[in-house]
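A short worksheet on the structure shown next.
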Amino acid sequence: MVNSMLQTMRTVPVERESDRLRAREIAERAEKVVRDNRARGASECDSWGQITNIVTRQ
């Protein structure tokens, strides 16, 4: 489920270059959270919650 969310974040169409750059920054931040959480053995639910926070508080 987390991988699907990351894939969706990477493929959402955006029109303006500034929006494209911001979307890329947000996706990279989310990917880092997932990598870090997996490295320390956190649950995928923790990753999902953190991604949700990143997306909704941008």
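Chain labels run A, B, ... following the order of the structure tokens; each chain numbers its residues from 1, and ligands are numbered from 1 in the order shown.
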
Problem - Spatial neighbours of region 35-37 of chain A, 12 Å, only C-alpha atoms, chain gap at least 5 places, as a list in words - result: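 Close residues of region 35-37 of chain A: Val2, Asn3, Leu6, Glu28, Arg29, Ala30, Ala42, Ser43, Glu44, Cys45, Asp46, Ser47, Trp48, Gly49, Gln50 and Ile51 of chain A.
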
Write the residues you've just listed into a file as a PDB file, in the first residue's frame, and include C-alpha atoms for each of them.
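File written: out_30.pdb
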```pdb
ATOM      1  CA  VAL A   2       2.831   2.395   0.835  1.00  0.00           C
ATOM      2  CA  ASN A   3       4.568   1.600  -2.441  1.00  0.00           C
ATOM      3  CA  LEU A   6       4.606   6.611  -3.510  1.00  0.00           C
ATOM      4  CA  GLU A  28      11.347  12.629  -2.260  1.00  0.00           C
ATOM      5  CA  ARG A  29      10.562  13.541   1.339  1.00  0.00           C
ATOM      6  CA  ALA A  30       7.965  10.772   1.537  1.00  0.00           C
ATOM      7  CA  ALA A  42       8.915   0.572  11.786  1.00  0.00           C
ATOM      8  CA  SER A  43       5.532  -0.613  10.578  1.00  0.00           C
ATOM      9  CA  GLU A  44       4.130   0.323   7.206  1.00  0.00           C
ATOM     10  CA  CYS A  45       1.241   1.937   9.099  1.00  0.00           C
ATOM     11  CA  ASP A  46       3.720   4.407  10.594  1.00  0.00           C
ATOM     12  CA  SER A  47       4.998   5.213   7.115  1.00  0.00           C
ATOM     13  CA  TRP A  48       1.466   5.620   5.777  1.00  0.00           C
ATOM     14  CA  GLY A  49       0.605   8.035   8.587  1.00  0.00           C
ATOM     15  CA  GLN A  50       3.738  10.083   8.044  1.00  0.00           C
ATOM     16  CA  ILE A  51       3.149  10.262   4.272  1.00  0.00           C
TER      17      ILE A  51
END
```

Problem - Long-range neighbours of region 8-19 of chain A as a VMD selection string, 12 Å cut-off, only C-alpha atoms, 3 positions minimum in chain - result: chain A and resid 1 to 5 22 to 31 51 to 52 54 to 55 58

Exercise for the section: Mind listing the alpha helix (DSSP H) residues of chain A, per DSSP on the backbone, as a PyMOL selection string? Expected result: chain A and resi 2-11+17-39+44-56

Would you mind exporting the chosen residues as an mmCIF file, in the first residue's frame, restricted to C-alpha atoms?
```
data_model
loop_
_atom_site.group_PDB
_atom_site.id
_atom_site.type_symbol
_atom_site.label_atom_id
_atom_site.label_comp_id
_atom_site.auth_asym_id
_atom_site.auth_seq_id
_atom_site.Cartn_x
_atom_site.Cartn_y
_atom_site.Cartn_z
ATOM 1 C CA VAL A 2 2.831 2.395 0.835
ATOM 2 C CA ASN A 3 4.568 1.600 -2.441
ATOM 3 C CA SER A 4 1.345 2.345 -4.314
ATOM 4 C CA MET A 5 1.035 5.693 -2.561
ATOM 5 C CA LEU A 6 4.606 6.611 -3.510
ATOM 6 C CA GLN A 7 3.968 5.586 -7.110
ATOM 7 C CA THR A 8 0.841 7.702 -7.226
ATOM 8 C CA MET A 9 2.748 10.669 -5.857
ATOM 9 C CA ARG A 10 5.357 10.279 -8.598
ATOM 10 C CA THR A 11 2.815 10.088 -11.417
ATOM 11 C CA GLU A 17 6.980 23.833 -13.511
ATOM 12 C CA SER A 18 6.889 25.247 -9.986
ATOM 13 C CA ASP A 19 4.192 22.730 -9.046
ATOM 14 C CA ARG A 20 6.214 19.937 -10.646
ATOM 15 C CA LEU A 21 9.270 20.864 -8.568
ATOM 16 C CA ARG A 22 7.215 21.030 -5.358
ATOM 17 C CA ALA A 23 5.589 17.675 -6.112
ATOM 18 C CA ARG A 24 9.020 16.139 -6.646
ATOM 19 C CA GLU A 25 10.257 17.566 -3.308
ATOM 20 C CA ILE A 26 7.250 16.143 -1.485
ATOM 21 C CA ALA A 27 7.641 12.720 -3.127
ATOM 22 C CA GLU A 28 11.347 12.629 -2.260
ATOM 23 C CA ARG A 29 10.562 13.541 1.339
ATOM 24 C CA ALA A 30 7.965 10.772 1.537
ATOM 25 C CA GLU A 31 10.363 8.248 -0.008
ATOM 26 C CA LYS A 32 13.013 9.163 2.566
ATOM 27 C CA VAL A 33 10.515 8.627 5.386
ATOM 28 C CA VAL A 34 9.671 5.181 4.031
ATOM 29 C CA ARG A 35 13.347 4.222 3.586
ATOM 30 C CA ASP A 36 14.219 5.399 7.088
ATOM 31 C CA ASN A 37 11.225 3.660 8.640
ATOM 32 C CA ARG A 38 11.986 0.399 6.861
ATOM 33 C CA ALA A 39 15.637 0.593 7.912
ATOM 34 C CA GLU A 44 4.130 0.323 7.206
ATOM 35 C CA CYS A 45 1.241 1.937 9.099
ATOM 36 C CA ASP A 46 3.720 4.407 10.594
ATOM 37 C CA SER A 47 4.998 5.213 7.115
ATOM 38 C CA TRP A 48 1.466 5.620 5.777
ATOM 39 C CA GLY A 49 0.605 8.035 8.587
ATOM 40 C CA GLN A 50 3.738 10.083 8.044
ATOM 41 C CA ILE A 51 3.149 10.262 4.272
ATOM 42 C CA THR A 52 -0.412 11.409 4.922
ATOM 43 C CA ASN A 53 0.887 14.159 7.176
ATOM 44 C CA ILE A 54 3.442 15.264 4.587
ATOM 45 C CA VAL A 55 0.828 15.430 1.834
ATOM 46 C CA THR A 56 -1.877 17.167 3.847
#
```
